[in-house]
$ cat upload.txt   # compact mmCIF, C-alpha atoms
# COMPACT_ATOMS: atom_id res chain seq x y z
CA MET A 1 20.51 -8.97 17.05
CA SER A 2 21.29 -12.31 18.70
CA LEU A 3 20.52 -15.66 17.07
CA LYS A 4 17.78 -16.20 19.65
CA ASP A 5 16.12 -12.92 18.62
CA LYS A 6 16.43 -13.77 14.92
CA LEU A 7 14.80 -17.17 15.48
CA LEU A 8 12.09 -15.58 17.59
CA PHE A 9 11.41 -13.02 14.86
CA ALA A 10 11.25 -15.75 12.18
CA LEU A 11 8.81 -17.80 14.28
CA MET A 12 6.67 -14.75 15.01
CA PHE A 13 6.62 -13.82 11.31
CA VAL A 14 5.51 -17.31 10.23
CA VAL A 15 2.80 -17.56 12.90
CA MET A 16 1.59 -14.03 12.04
CA GLN A 17 1.25 -14.97 8.35
CA LEU A 18 -0.66 -18.14 9.29
CA ALA A 19 -2.91 -16.10 11.58
CA LEU A 20 -3.64 -13.67 8.74
CA VAL A 21 -4.42 -16.46 6.28
CA TRP A 22 -6.71 -18.24 8.74
CA ALA A 23 -8.43 -15.05 9.87
CA LEU A 24 -9.01 -13.59 6.41
CA ALA A 25 -9.36 -16.62 4.15
CA ILE A 26 -9.86 -19.97 5.87
CA ALA A 27 -12.18 -19.18 8.79
CA PRO A 28 -15.78 -18.97 7.55
CA PRO A 29 -17.65 -15.66 7.71
CA ASP A 30 -19.95 -15.21 10.68
CA LYS A 31 -23.59 -16.10 9.93
CA LEU A 32 -24.87 -12.85 11.42
CA GLN A 33 -22.11 -10.31 10.89
CA GLY A 34 -20.52 -11.60 7.70
CA ASP A 35 -16.89 -10.78 6.89
CA VAL A 36 -16.60 -7.86 9.31
CA GLN A 37 -16.51 -10.37 12.18
CA ARG A 38 -12.96 -11.24 11.02
CA ILE A 39 -11.82 -8.11 12.89
CA PHE A 40 -12.44 -10.16 16.03
CA TYR A 41 -9.34 -12.36 15.56
CA PHE A 42 -6.86 -9.49 15.76
CA HIS A 43 -9.01 -7.46 18.15
CA LEU A 44 -9.04 -10.21 20.77
CA GLY A 45 -5.67 -11.58 19.67
CA SER A 46 -3.95 -8.33 20.64
CA ILE A 47 -5.62 -7.66 23.98
CA TRP A 48 -4.68 -10.95 25.66
CA PRO A 49 -0.93 -10.36 25.17
CA GLY A 50 -1.73 -6.77 26.23
CA PHE A 51 -3.11 -8.09 29.51
CA LEU A 52 -0.05 -10.33 29.80
CA ALA A 53 2.14 -7.25 29.37
CA PHE A 54 0.27 -5.43 32.14
CA PHE A 55 0.57 -8.45 34.45
CA TYR A 56 4.30 -8.42 33.80
CA VAL A 57 4.29 -4.79 34.94
CA LEU A 58 2.64 -5.98 38.18
CA TYR A 59 5.27 -8.70 38.64
CA GLY A 60 8.21 -6.46 37.72
CA SER A 61 6.98 -3.57 39.88
CA ILE A 62 6.63 -5.82 42.94
CA ARG A 63 10.10 -7.23 42.27
CA TYR A 64 11.44 -3.67 42.06
CA LEU A 65 9.78 -2.56 45.30
CA VAL A 66 11.16 -5.62 47.10
CA SER A 67 14.71 -5.61 45.69
CA ARG A 68 15.13 -1.95 44.57
CA ASP A 69 17.00 -3.38 41.58
CA LEU A 70 16.53 -0.96 38.67
CA ILE A 71 16.50 -3.75 36.10
CA TRP A 72 12.94 -4.59 37.24
CA ASP A 73 11.90 -1.00 36.70
CA ARG A 74 13.32 -1.10 33.17
CA LYS A 75 11.73 -4.47 32.34
CA SER A 76 8.35 -3.28 33.65
CA LEU A 77 8.53 -0.03 31.71
CA VAL A 78 9.18 -1.87 28.43
CA SER A 79 6.30 -4.24 29.13
CA GLY A 80 3.98 -1.34 29.97
CA GLU A 81 4.89 0.42 26.73
CA ILE A 82 4.12 -2.67 24.60
CA GLY A 83 0.90 -3.27 26.56
CA LEU A 84 -0.08 0.29 25.75
CA VAL A 85 0.46 -0.33 22.02
CA PHE A 86 -1.67 -3.51 22.15
CA CYS A 87 -4.34 -1.71 24.15
CA SER A 88 -4.33 1.05 21.49
CA ILE A 89 -4.95 -1.63 18.84
CA VAL A 90 -7.99 -2.85 20.77
CA LEU A 91 -9.32 0.67 21.30
CA THR A 92 -9.10 1.48 17.59
CA THR A 93 -10.18 -1.82 16.01
CA GLY A 94 -13.10 -2.04 18.48
CA PRO A 95 -14.87 1.11 17.26
CA VAL A 96 -14.20 0.18 13.61
CA TRP A 97 -15.94 -3.14 14.28
CA ALA A 98 -18.66 -1.53 16.40
CA LYS A 99 -19.87 0.85 13.70
CA PRO A 100 -21.18 -1.76 11.24
CA THR A 101 -22.49 -4.07 14.01
CA TRP A 102 -23.85 -1.72 16.70
CA GLY A 103 -24.45 1.31 14.47
CA VAL A 104 -22.18 3.52 16.60
CA TYR A 105 -18.42 3.77 17.01
CA TRP A 106 -18.47 4.02 20.76
CA ALA A 107 -20.73 3.23 23.71
CA TRP A 108 -19.91 4.36 27.24
CA ASP A 109 -20.51 0.91 28.70
CA ALA A 110 -18.43 -0.67 31.46
CA ARG A 111 -16.11 -2.66 29.16
CA LEU A 112 -15.24 0.16 26.77
CA THR A 113 -14.92 2.78 29.49
CA SER A 114 -12.78 0.59 31.76
CA THR A 115 -10.50 -0.30 28.80
CA LEU A 116 -10.10 3.41 28.04
CA VAL A 117 -9.27 4.10 31.70
CA LEU A 118 -6.74 1.24 31.63
CA TRP A 119 -5.16 2.78 28.52
CA LEU A 120 -5.00 6.20 30.22
CA VAL A 121 -3.38 4.73 33.36
CA PHE A 122 -0.68 3.04 31.30
CA PHE A 123 -0.22 6.09 29.09
CA PHE A 124 0.47 8.00 32.30
CA TYR A 125 2.68 5.16 33.59
CA VAL A 126 4.88 5.25 30.46
CA ASN A 127 5.14 9.06 30.41
CA LEU A 128 5.26 9.73 34.15
CA ARG A 129 9.03 9.40 34.42
CA ASN A 130 9.50 12.38 32.14
CA TYR A 131 7.90 14.57 34.81
CA ILE A 132 9.74 13.33 37.92
CA ASP A 133 13.23 14.78 38.29
CA ASP A 134 14.17 12.90 41.47
CA GLU A 135 15.82 9.72 40.14
CA SER A 136 15.31 7.75 43.34
CA LYS A 137 11.61 8.62 43.47
CA ARG A 138 10.92 7.97 39.78
CA PRO A 139 10.95 4.14 39.71
CA ARG A 140 9.14 3.93 43.06
CA VAL A 141 6.21 6.08 41.92
CA SER A 142 6.14 4.25 38.56
CA ALA A 143 6.03 0.88 40.31
CA VAL A 144 3.06 1.91 42.46
CA LEU A 145 1.19 3.26 39.43
CA GLY A 146 2.06 0.12 37.44
CA ILE A 147 0.62 -2.08 40.18
CA VAL A 148 -2.58 0.00 40.36
CA GLY A 149 -2.94 -0.18 36.56
CA ALA A 150 -2.35 -3.93 36.38
CA LEU A 151 -4.87 -4.57 39.16
CA MET A 152 -7.50 -2.97 36.88
CA VAL A 153 -7.10 -5.78 34.32
CA PRO A 154 -9.35 -8.33 36.14
CA PHE A 155 -12.00 -5.64 36.45
CA VAL A 156 -11.82 -4.88 32.70
CA TYR A 157 -12.16 -8.60 31.96
CA MET A 158 -15.04 -9.12 34.42
CA SER A 159 -16.88 -5.90 33.47
CA THR A 160 -19.09 -7.65 30.88
CA ARG A 161 -20.18 -10.16 33.54
CA ILE A 162 -20.74 -7.66 36.34
CA PHE A 163 -22.59 -5.05 34.27
CA GLU A 164 -25.03 -5.07 31.39
CA THR A 165 -22.90 -3.98 28.45
CA GLN A 166 -23.20 -3.35 24.75
CA HIS A 167 -19.95 -5.28 24.41
CA PRO A 168 -20.44 -9.06 24.05
CA LYS A 169 -19.68 -11.51 26.86
CA PRO A 170 -16.20 -13.15 27.03
CA VAL A 171 -15.30 -15.67 24.32
CA ILE A 172 -12.37 -17.14 26.24
CA MET A 173 -13.30 -18.64 29.61
CA GLY A 174 -16.84 -17.42 28.99
CA ASP A 175 -20.19 -19.00 29.87
CA ALA A 176 -21.46 -22.24 28.34
CA ASP A 177 -23.46 -20.40 25.66
CA SER A 178 -20.60 -18.06 24.68
CA GLY A 179 -17.55 -18.72 22.56
CA ILE A 180 -17.02 -19.89 18.99
CA ARG A 181 -17.70 -23.37 17.76
CA ASP A 182 -16.27 -23.57 14.27
CA PRO A 183 -12.83 -25.25 14.42
CA ASN A 184 -11.33 -22.92 11.79
CA MET A 185 -12.54 -19.88 13.71
CA ASN A 186 -10.85 -21.29 16.81
CA ILE A 187 -7.62 -21.95 14.89
CA ALA A 188 -7.65 -18.36 13.57
CA LEU A 189 -8.13 -17.01 17.09
CA TYR A 190 -5.41 -19.14 18.68
CA LEU A 191 -2.96 -18.42 15.86
CA SER A 192 -3.60 -14.72 16.32
CA LEU A 193 -3.12 -15.03 20.10
CA ALA A 194 0.13 -16.93 19.53
CA ALA A 195 1.37 -14.39 16.95
CA PHE A 196 0.76 -11.38 19.20
CA THR A 197 2.26 -13.18 22.21
CA LEU A 198 5.41 -13.88 20.17
CA LEU A 199 5.40 -10.26 18.99
CA TYR A 200 5.19 -9.15 22.62
CA ILE A 201 8.14 -11.35 23.64
CA TYR A 202 10.20 -10.17 20.65
CA LEU A 203 9.50 -6.47 21.26
CA TRP A 204 10.07 -6.87 25.00
CA ARG A 205 13.51 -8.40 24.47
CA LEU A 206 14.36 -5.60 22.03
CA GLY A 207 13.11 -2.95 24.45
CA VAL A 208 15.02 -4.36 27.43
CA GLN A 209 18.25 -4.45 25.41
CA GLN A 210 17.62 -0.82 24.52
CA MET A 211 17.09 0.10 28.18
CA LEU A 212 20.39 -1.56 29.09
CA THR A 213 22.14 0.37 26.29
CA LYS A 214 20.58 3.55 27.69
CA ASP A 215 22.00 2.77 31.13
CA ARG A 216 25.44 2.11 29.62
CA LEU A 217 25.22 5.41 27.75
CA LYS A 218 24.47 7.19 31.00
CA LYS A 219 27.56 5.67 32.63
CA LEU A 220 29.76 6.60 29.65
CA ARG A 221 28.38 10.15 29.67
CA GLY A 222 29.22 10.45 33.36
CA ARG A 223 32.80 9.35 32.77
CA LEU A 224 33.17 11.73 29.82
CA LEU A 225 31.78 14.58 31.89
CA ARG A 226 34.42 14.01 34.53
CA LEU A 227 37.21 13.75 31.93
CA GLU A 228 36.29 16.46 29.47
CA GLY A 229 34.50 18.67 31.93
CA PHE A 230 31.67 19.52 29.56
CA MET B 1 -26.46 -3.63 10.92
CA GLU B 2 -25.09 -1.95 7.80
CA SER B 3 -25.18 -3.60 4.37
CA SER B 4 -22.54 -6.23 3.73
CA SER B 5 -21.01 -4.17 0.90
CA ASN B 6 -19.82 -1.69 3.51
CA HIS B 7 -18.33 -4.44 5.67
CA MET B 8 -15.20 -4.86 3.58
CA PHE B 9 -14.33 -1.21 4.16
CA TYR B 10 -14.42 -1.69 7.94
CA LEU B 11 -12.50 -4.96 7.74
CA VAL B 12 -9.73 -3.39 5.64
CA ALA B 13 -9.70 -0.30 7.89
CA ALA B 14 -9.30 -2.38 11.07
CA TYR B 15 -6.45 -4.52 9.72
CA THR B 16 -4.74 -1.43 8.28
CA LEU B 17 -4.91 0.26 11.68
CA VAL B 18 -3.36 -2.80 13.35
CA TRP B 19 -0.41 -2.78 10.96
CA ILE B 20 0.05 0.98 11.10
CA MET B 21 0.31 0.84 14.90
CA VAL B 22 2.62 -2.18 15.01
CA SER B 23 4.85 -0.78 12.25
CA ALA B 24 4.98 2.66 13.86
CA TYR B 25 6.06 1.16 17.18
CA VAL B 26 8.70 -1.06 15.54
CA LEU B 27 10.00 1.98 13.60
CA ILE B 28 10.19 4.09 16.79
CA LEU B 29 12.08 1.26 18.54
CA SER B 30 14.50 0.83 15.62
CA LYS B 31 15.14 4.58 15.37
CA ARG B 32 15.71 4.83 19.13
CA ASN B 33 18.02 1.82 18.95
CA GLN B 34 20.10 3.32 16.15
CA GLU B 35 20.43 6.67 17.95
CA LEU B 36 21.55 4.94 21.16
CA LYS B 37 24.09 2.78 19.32
CA ASP B 38 25.51 5.84 17.55
CA GLN B 39 25.81 7.73 20.82
CA VAL B 40 27.49 4.79 22.60
CA LYS B 41 29.96 4.46 19.71
CA ASP B 42 30.70 8.19 19.83
CA PHE B 43 31.25 8.19 23.62
CA GLU B 44 33.44 5.08 23.44
CA THR B 45 35.62 6.67 20.74
CA ARG B 46 36.01 9.83 22.84
CA LEU B 47 36.88 7.80 25.94
CA ARG B 48 39.45 5.76 24.00
CA LYS B 49 41.03 9.00 22.80
CA GLN B 50 41.42 10.00 26.46
CA GLY B 51 43.16 6.67 27.03
CA VAL B 52 40.39 5.38 29.30
CA SER B 53 39.13 1.79 29.33
CA ILE B 54 35.56 1.56 28.10
CA GLU B 55 34.81 -1.59 30.09
CA ASP B 56 32.44 -1.28 33.08

$ encode --input "upload.txt" --output "structure tokens"
Amino acid sequence: MSLKDKLLFALMFVVMQLALVWALAIAPPDKLQGDVQRIFYFHLGSIWPGFLAFFYVLYGSIRYLVSRDLIWDRKSLVSGEIGLVFCSIVLTTGPVWAKPTWGVYWAWDARLTSTLVLWLVFFFYVNLRNYIDDESKRPRVSAVLGIVGALMVPFVYMSTRIFETQHPKPVIMGDADSGIRDPNMNIALYLSLAAFTLLYIYLWRLGVQQMLTKDRLKKLRGRLLRLEGF
Amino acid sequence: MESSSNHMFYLVAAYTLVWIMVSAYVLILSKRNQELKDQVKDFETRLRKQGVSIED
């Protein structure tokens, strides 16, 4: 691990601890929901970096299609995988929060359904390459699917504005009557957003290094095959 | 809305799920990383034995 990665990990760790303290102890309980509303900080805190990860897939996939440089395919894949993990966090913490507040774990409204579809698209994106044998076709098909998946993100975000949903309206960049007003609640939210963004960057760097090692391994295996004939 | 006594259960459950998922992913990455490193080391040793440079 490089010094840069160690520093990044240390920073992420500190910010994550602060986010936990603010979310669970310093931010006041919600007047209506009580303590269960504290789920919100990590629920929302994880999906924004998740969206960021999917947008990186869009960027990386376009770069790949333009340059045909495989590094962009690798970088996009890593980002898609992390986005999928963050999206899984949202899809599991959401129902746990929904049960005590809505009375049900799940509602087939536009926000929840579109998030589930987004998760499925990226699940397919991450696993697709295992099913395509043609190595030249693999990154091209992945890039197209990655772009399609990432273009769904604005729809997922806007779904609570376009449709009547059980899910509340946006807190960030929402309407005048939405959002949170208590400063400590805001600090908890922004600390959580910062912590998950740092976690995304840290995991992405780790994942890309791993992809590069995988490529090196492939080259070494090729050379060994020629030499040892196995 | 359910009684507030039940709320703690959901709060703990949600935060536990977050950490299970993050930890599981970090563990998978670390395991994958170790396996790759071991394989690279093994291949490099075998190439060196053949008298071949391991540089790209």

$ closest_atom_pairs --input "upload.txt" --of "chain B" --to "chain A" --cutoff "8 Å" --atoms "only C-alpha atoms" --output "JSON lines"
{"residue": "B:Met1", "atom": "CA", "partner": "A:Thr101", "partner_atom": "CA", "distance": 5.1}
{"residue": "B:Glu2", "atom": "CA", "partner": "A:Pro100", "partner_atom": "CA", "distance": 5.2}
{"residue": "B:Ser4", "atom": "CA", "partner": "A:Gly34", "partner_atom": "CA", "distance": 7.0}
{"residue": "B:Asn6", "atom": "CA", "partner": "A:Pro100", "partner_atom": "CA", "distance": 7.8}
{"residue": "B:His7", "atom": "CA", "partner": "A:Val36", "partner_atom": "CA", "distance": 5.3}
{"residue": "B:Met8", "atom": "CA", "partner": "A:Val36", "partner_atom": "CA", "distance": 6.6}
{"residue": "B:Tyr10", "atom": "CA", "partner": "A:Val96", "partner_atom": "CA", "distance": 6.0}
{"residue": "B:Leu11", "atom": "CA", "partner": "A:Val36", "partner_atom": "CA", "distance": 5.3}
{"residue": "B:Ala13", "atom": "CA", "partner": "A:Val96", "partner_atom": "CA", "distance": 7.3}
{"residue": "B:Ala14", "atom": "CA", "partner": "A:Thr93", "partner_atom": "CA", "distance": 5.0}
{"residue": "B:Tyr15", "atom": "CA", "partner": "A:Ile39", "partner_atom": "CA", "distance": 7.2}
{"residue": "B:Leu17", "atom": "CA", "partner": "A:Thr93", "partner_atom": "CA", "distance": 7.1}
{"residue": "B:Val18", "atom": "CA", "partner": "A:Ile89", "partner_atom": "CA", "distance": 5.8}
{"residue": "B:Met21", "atom": "CA", "partner": "A:Ile89", "partner_atom": "CA", "distance": 7.0}
{"residue": "B:Val22", "atom": "CA", "partner": "A:Val85", "partner_atom": "CA", "distance": 7.6}
{"residue": "B:Tyr25", "atom": "CA", "partner": "A:Val85", "partner_atom": "CA", "distance": 7.6}
{"residue": "B:Val26", "atom": "CA", "partner": "A:Leu203", "partner_atom": "CA", "distance": 7.9}
{"residue": "B:Leu29", "atom": "CA", "partner": "A:Gly207", "partner_atom": "CA", "distance": 7.3}
{"residue": "B:Asn33", "atom": "CA", "partner": "A:Gln210", "partner_atom": "CA", "distance": 6.2}
{"residue": "B:Leu36", "atom": "CA", "partner": "A:Lys214", "partner_atom": "CA", "distance": 6.7}
{"residue": "B:Lys37", "atom": "CA", "partner": "A:Thr213", "partner_atom": "CA", "distance": 7.6}
{"residue": "B:Gln39", "atom": "CA", "partner": "A:Leu217", "partner_atom": "CA", "distance": 7.3}
{"residue": "B:Val40", "atom": "CA", "partner": "A:Leu217", "partner_atom": "CA", "distance": 5.7}
{"residue": "B:Phe43", "atom": "CA", "partner": "A:Leu220", "partner_atom": "CA", "distance": 6.4}
{"residue": "B:Glu44", "atom": "CA", "partner": "A:Leu220", "partner_atom": "CA", "distance": 7.4}
{"residue": "B:Arg46", "atom": "CA", "partner": "A:Leu224", "partner_atom": "CA", "distance": 7.8}
{"residue": "B:Leu47", "atom": "CA", "partner": "A:Leu224", "partner_atom": "CA", "distance": 6.7}
{"residue": "B:Gln50", "atom": "CA", "partner": "A:Leu227", "partner_atom": "CA", "distance": 7.9}
{"residue": "B:Ile54", "atom": "CA", "partner": "A:Leu220", "partner_atom": "CA", "distance": 7.8}

$ atom_distance --input "upload.txt" --atom1 "atom CA of Leu198 of chain A" --atom2 "atom CA of Met12 of chain A"
5.4 Å

$ atom_distance --input "upload.txt" --atom1 "atom CA of Ile162 of chain A" --atom2 "atom CA of Gly60 of chain A"
29.0 Å

$ axis_aligned_box --input "upload.txt" --around "segment 25-35 of chain B" --padding-each-side "5 Å" --output "AutoDock Vina command-line options"
--center_x 13.2 --center_y 2.8 --center_z 16.4 --size_x 24.4 --size_y 17.7 --size_z 15.5

$ closest_residue --input "upload.txt" --among "A:Tyr41, A:Arg226, A:Ser114, A:Leu8" --to "Thr160 of chain A" --atoms "only C-alpha atoms"
A:Ser114
